[in-house]
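So the structure is just underneath, and the comments pick up after that.
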Amino acid sequence: MTAKKRVRIAALAVASTVGALLAACTSGASSSGVVEINYSARLTGVGDDADAAIVEAFNRKFEGTYHVNRTAIDDETYKTKQITQLTGADAPDVFYSWAGGRAKDIIDAGFAAPLDGYYSQRGWNEELNALGQSLATFDGKKYFVPTMMSSSAVWYQPDIFAKEGIAIPTTIEELEAAAAKLKASGIAPFILSNKEKWEAQFYWTQIVVAQNGPAVYNNLVAGKAKWTDAPFVAAWQKLADWSKAGYYYGSPNSIGYADSTIPWTKGEGAMDVQGNWFPSTLAGSDSAATAKIDYFPFPAASGKQSTMEIYAENTLMINAKSDKQHQDAAAAFVDYYVSVEAQAMLAKGGRLFPSNINVDLTTLELPKVMLKLAGFMNSQTGDTFMHVDLAFTAKIANEFLDATQGVINNTVTPAEAAKRVQDVTDQQ
Amino acid sequence: MAGSVNGSRRLRLVRRPSARVSLAKRAWKAQWSWQGMLYLIVPTIAYIALIIVPIVMTARLSLYKTNGFKTPEWVGFDNYTRMVGDRAFRKAFVNTLIWTAITMTVPVAIGLVYAAVLNSPMVRGRALLRALIFLPSTMSLVTLGIMFSLVYNSSFGALNGALNKIGLGFLTQDWLGDPNLVLYSLVAVFAWQFSGLCMALFNASIQQIPEELYEAAQVDGANGLQRFFHITLPRVRPAMVVVIALTVVQSLRSFDLVYVMTKGGPDNASALLGFFMYVQTFVNRNQGYGAAIAVVILLLSLVFAIVYVRRVATREAFDE
């Protein structure tokens with residue numbers, strides 16, 4: 001082979017490599033007219049296969065028009081990767097987002113496109129859960145689409161209640177009386193697992209709302225109240241009092257959420273304030289346990305109305321930095337994602353509850369208790385609220401979670417906890 | 001290498017400046033090699049790209065306030081001054097010092113004892129015992145963390161269960177929930193895992209010690225303990241220098257155990273700097289503050305490295 005020939009071959013190889021690299025790096029509309037969009041999904045361990053199946057079904061349905069490339073990121077990693085992804089060159093056109101404070105961070109940074117136009121155009125106003133829509137609204141504009149609704153309640157063991165002759169508490173005073181009775185019988189009233197820190201916030205938030213109504217708590221979220229105000233300090237005080245009274249099973253700060261199913265299935269504890277995923281977790285330890293569990297809304301103080309926490313656990317945002325063509329394609333994907341067909345797929349995969357109100361839950365073979373809860377969620381149309389780490393920014397929420405661990409351990413006083421969280425809030 | 005050392009010594013003897021320059025030039029030419037330079041270029045570029053540039057970028061980021069989404073805002077040394085008043089940072093800093101102090105002594109001491117005992121001809125099944133002691137070193141800290149979370153559970157964990165069973169119920173503790181105890185519960189897992197590796201390194205070193213030394217000491221009437229302190233210990237000093245450096249590096253990087261077992265709780269009682277940096281950077285999205293904490297960890301490592309290299313890892317330590 002001559003030197004000239006060798007050089008030509010080398011040049012050809014370099015050119016083809018560069019060409020291939022450029023082709024690989026290019027995304028978007030291909031020459032065939034198919035609009036390709038990137039979707040960033042968060043894996044939660046529940047319904048992940050259904051999420052992937054929805055993408056496949058969408059790609060089949062819109063073959064030749066749209067194509068979705070799905071990137072699935074593990075639950076915890078998502079928090080860290082989201083920044084890298086959104087600020088990177090190949091940012092997703094449609095992506096998972098938490099609601100509340102985390103959503104606000106993304107909106108403030110200019111990555112979330114306002115979706116009011118798509119809400120009207122696609123009919124989401126009519127078919128999506130109204131509370132979910134109100135949570136998506138920031139400064140009068142809707143920035144995300146709720147894809148899964150959740151709630152929290154007091155989960156309890158009816159068998160234990162029946163054995164101890166305890167009726168379902170309708171006021172917080174009755175709840176405390178029931179706790180005292182259970183404690184006297186050697187049963188832990190509450191299995192609070194707080195090793196991961198997020199669990200106790202359900203108790204705290206529910207106590208605030210139970211004693212004062214959702215408006216007082218929502219004022220705090222809106223920055224119109226201080227953490228050091230009496231209603232909030234009183235909620236921490238209640239947590240500390242319950243700890244001193246021995247109402248929690250074992251040492252709450254050393255029990256992980258998954259491990260809490262062990263004493264529950266052994267019947268060593270009677271209640272837990274948790275999200276609606278609790279029965280699914282329980283079923284992982286004891287498939288028969290879901291048949292022996294029930295819930296009641298956290299009871300309000302005497303003379304007040306009980307309010308259930310209902311919020312959007314999963315949502316989708318459309319990237320404000322994507323061009324119009326890709327945003328439209330992303331909206332088409334979101335539209336399919338919240339369709340009755342796709343929402344039913346997610347619900348069957350365990351992602352409860354559908355945000356599309358037209359999904360017939362009776363066709364999903366859900367446990368009785370979940371159907372009952374869904375009915376209650378649909379019946380509540382008034383004010384609702386979101387627990388702390390969803391409602392506030394991560395900085396405030398983490399200080400709250402740390403301080404609350406201290407209160408439960410009785411190493412931090414309620415007043416100190418309130419001051420710590422207020423200090424972080426003031427720094428923002 | 002020896003030649004170049006001698007050459008430089010000879011150069012120092014030359015007093016006339018012009019002659020010294022000429023000799024130095026000749027020495028430089030003799031040592032210059034394009035091939036050598038090429039060998040050096042790749043690792044140098046890699047070192048700069050993968051170590052120096054990220055360090056410089058992290059140090060630069062520590063002077064800004066940013067959540068990763070917005071344009072960084074210059075705040076000078078605010079992120080550093082903020083540390084002084086940050087209760088959680090102070091806690092993590094002190095925890096890291098305690099953690100490092102324990103990990104550079106306890107697993108090293110245990111590993112050395114294991115190695116010394118398992119080199120005694122009186123112990124049977126030494127290979128099996130060594131393998132068993134080394135086994136935890138092959139496991140990931142995440143796996144160990146999950147395992148020990150269950151072992152330590154104060155209500156239904158194996159440790160308290162075992163203590164109750166053998167009549168030592170008064171020793172049961174809230175291993176992960178007690179803020180005064182949790183750090184030590186975690187460091188015990190680290191020490192348990194790392195002592196196996198220490199044992200392996202000391203074992204290799206002990207096996208290099210000539211048997212005659214022990215025989216001579218025995219003839220002189222030295223007992224087992226005396227032989228250990230006067231022969232084994234001085235002879236394993238080079239290995240110890242390496243082992244301590246390894247444990248300190250590992251301990252400053254510790255993250256997995258804390259993340260898996262306690263998430264730094266309760267109320268930051270078990271948070272280490274590495275974990276605190278993660279929380280600030282990725283959870284709270286205080287990227288500038290997180291970078292400042294990373295710089296502090298780097299400075300801690302540097303201080304250790306300088307003191308260690310100058311005082312402990314000396315040529316004499318390895319010559320012995």
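Identifiers in this document derive from the order of the structure tokens: chains are assigned A, B, ..., residues are numbered from 1 separately in each chain, and ligands are numbered from 1 in order of occurrence.
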
May I have a table of the residues of chain B lying at most 8 Å from chain A, giving each one's closest pair of atoms and their distance in Å to one decimal, counting only C-alpha atoms, ordered by chain and ascending residue number, as a Markdown table?
| residue | atom | partner | partner_atom | distance |
| --- | --- | --- | --- | --- |
| B:Gly68 | CA | A:Ile83 | CA | 6.1 |
| B:Phe69 | CA | A:Ala109 | CA | 5.6 |
| B:Lys70 | CA | A:Ala109 | CA | 5.7 |
| B:Asn153 | CA | A:Ser254 | CA | 6.5 |
| B:Ser154 | CA | A:Ser251 | CA | 6.9 |
| B:Ser155 | CA | A:Gly250 | CA | 5.6 |
| B:Asp174 | CA | A:Ser251 | CA | 7.0 |
| B:Trp175 | CA | A:Ser254 | CA | 7.8 |
| B:Leu176 | CA | A:Ser254 | CA | 5.1 |
| B:Gly177 | CA | A:Ser254 | CA | 4.5 |
| B:Asp178 | CA | A:Asn409 | CA | 7.8 |
| B:Thr262 | CA | A:Lys195 | CA | 6.1 |
| B:Lys263 | CA | A:Glu196 | CA | 6.3 |
| B:Gly265 | CA | A:Asp402 | CA | 7.2 |
| B:Pro266 | CA | A:Gln405 | CA | 5.6 |
| B:Asp267 | CA | A:Asp402 | CA | 4.4 |
| B:Asn268 | CA | A:Asp402 | CA | 6.8 |
| B:Phe282 | CA | A:Thr80 | CA | 5.2 |
| B:Val283 | CA | A:Ala394 | CA | 6.5 |
| B:Asn284 | CA | A:Lys395 | CA | 4.8 |
| B:Arg285 | CA | A:Ala394 | CA | 7.7 |

Query - Residues flagged strand (DSSP E) by DSSP in segment 310-417 of chain A, as a ChimeraX atom specification - result: /A:310-318

Writing out the chosen residues with N, CA and C atoms as a PDB file, in the first residue's frame:
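Below is the file that was written, selection.pdb:
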ATOM      1  N   ILE A 310     -54.047  15.570  50.648  1.00  0.00           N
ATOM      2  CA  ILE A 310     -54.104  15.000  49.288  1.00  0.00           C
ATOM      3  C   ILE A 310     -53.139  15.818  48.434  1.00  0.00           C
ATOM      4  N   TYR A 311     -52.277  15.142  47.734  1.00  0.00           N
ATOM      5  CA  TYR A 311     -51.267  15.888  46.977  1.00  0.00           C
ATOM      6  C   TYR A 311     -50.811  15.088  45.755  1.00  0.00           C
ATOM      7  N   ALA A 312     -50.110  15.790  44.873  1.00  0.00           N
ATOM      8  CA  ALA A 312     -49.591  15.126  43.672  1.00  0.00           C
ATOM      9  C   ALA A 312     -48.231  14.543  44.012  1.00  0.00           C
ATOM     10  N   GLU A 313     -48.164  13.222  44.041  1.00  0.00           N
ATOM     11  CA  GLU A 313     -46.894  12.565  44.372  1.00  0.00           C
ATOM     12  C   GLU A 313     -45.955  12.579  43.159  1.00  0.00           C
ATOM     13  N   ASN A 314     -46.521  12.314  41.996  1.00  0.00           N
ATOM     14  CA  ASN A 314     -45.727  12.338  40.760  1.00  0.00           C
ATOM     15  C   ASN A 314     -46.303  13.380  39.804  1.00  0.00           C
ATOM     16  N   THR A 315     -45.418  14.080  39.136  1.00  0.00           N
ATOM     17  CA  THR A 315     -45.885  15.064  38.148  1.00  0.00           C
ATOM     18  C   THR A 315     -44.924  15.057  36.951  1.00  0.00           C
ATOM     19  N   LEU A 316     -45.365  15.629  35.858  1.00  0.00           N
ATOM     20  CA  LEU A 316     -44.477  15.802  34.702  1.00  0.00           C
ATOM     21  C   LEU A 316     -44.418  17.284  34.346  1.00  0.00           C
ATOM     22  N   MET A 317     -43.215  17.726  34.014  1.00  0.00           N
ATOM     23  CA  MET A 317     -43.016  19.103  33.549  1.00  0.00           C
ATOM     24  C   MET A 317     -42.521  19.067  32.110  1.00  0.00           C
ATOM     25  N   ILE A 318     -42.758  20.127  31.390  1.00  0.00           N
ATOM     26  CA  ILE A 318     -42.229  20.249  30.026  1.00  0.00           C
ATOM     27  C   ILE A 318     -41.152  21.328  30.044  1.00  0.00           C
TER      28      ILE A 318
END

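Reported to one decimal place, the separation of atom CA of Val142 of chain B from atom CA of Val260 of chain B is 6.3 Å.
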
Report task. Determine, counting only C-alpha atoms, which protein, DNA and RNA residues have an atom within 12 Å of an atom of segment 235-238 of chain B; residues of the same chain fewer than 4 positions away are not included. Present the result as a ChimeraX atom specification. Result -> /B:108,111-113,115-116,198-199,201-210,213-214,227-231,242-245,312-320

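Interatomic distance, atom CA of Ser120 of chain B against atom CA of Ile133 of chain B: 15.9 Å.
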
Query - Picked from segment 212-424 of chain A by DSSP as helix (DSSP H, G or I), as an MDAnalysis selection string - result: chainID A and resid 212 214:221 230:244 252:254 258:265 278:285 289:292 324:337 340:348 361:364 368:379 388:391 394:409 414:424

Requested in this report: Name the residues in contact with Gln422 of chain A at a cut-off of 9 Å, using only C-alpha atoms, excluding same-chain residues fewer than 5 positions from it; report them as a ChimeraX atom specification.
Outcome: /A:226-228,396,417,427

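Those residues that approach segment 175-186 of chain A to within 8 Å, counting only C-alpha atoms, are Glu164, Ile166, Pro169, Thr170, Thr171, Phe190, Gly246, Tyr247, Ala270 and Pro299 of chain A; same-chain residues fewer than 4 positions away are not listed.
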
Selection above as a file: N, CA and C atoms, as a compact mmCIF listing (two decimals), in the first residue's frame:
# COMPACT_ATOMS: atom_id res chain seq x y z
N GLU A 164 -59.31 -4.46 71.95
CA GLU A 164 -59.15 -3.54 73.08
C GLU A 164 -60.42 -2.71 73.32
N ILE A 166 -61.74 -0.41 71.32
CA ILE A 166 -61.50 1.00 70.96
C ILE A 166 -62.27 1.34 69.69
N PRO A 169 -61.28 6.88 66.56
CA PRO A 169 -61.30 8.23 67.16
C PRO A 169 -61.83 9.27 66.18
N THR A 170 -62.66 10.14 66.67
CA THR A 170 -63.19 11.21 65.81
C THR A 170 -62.61 12.58 66.19
N THR A 171 -61.94 12.63 67.34
CA THR A 171 -61.26 13.88 67.73
C THR A 171 -59.84 13.52 68.18
N PHE A 190 -48.40 3.87 68.40
CA PHE A 190 -47.93 4.27 67.07
C PHE A 190 -46.61 3.57 66.72
N GLY A 246 -44.41 7.34 75.96
CA GLY A 246 -44.11 6.00 75.46
C GLY A 246 -45.11 5.51 74.42
N TYR A 247 -45.66 6.45 73.66
CA TYR A 247 -46.67 6.08 72.66
C TYR A 247 -46.05 5.52 71.37
N ALA A 270 -50.33 -0.50 66.92
CA ALA A 270 -51.70 -0.43 66.41
C ALA A 270 -51.91 0.58 65.28
N PRO A 299 -57.85 12.64 63.11
CA PRO A 299 -58.98 13.38 63.66
C PRO A 299 -58.60 14.81 64.08

Query - Test item: residues at most 10 Å from Thr96 of chain B, only C-alpha atoms, excluding those fewer than 6 positions along its chain, as a PyMOL selection string - result: chain B and resi 90+102+183+251-254+270-274+297

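Atom CA of Gly221 of chain B to atom CA of Met240 of chain B spans 27.1 Å [interatomic distance, one decimal].
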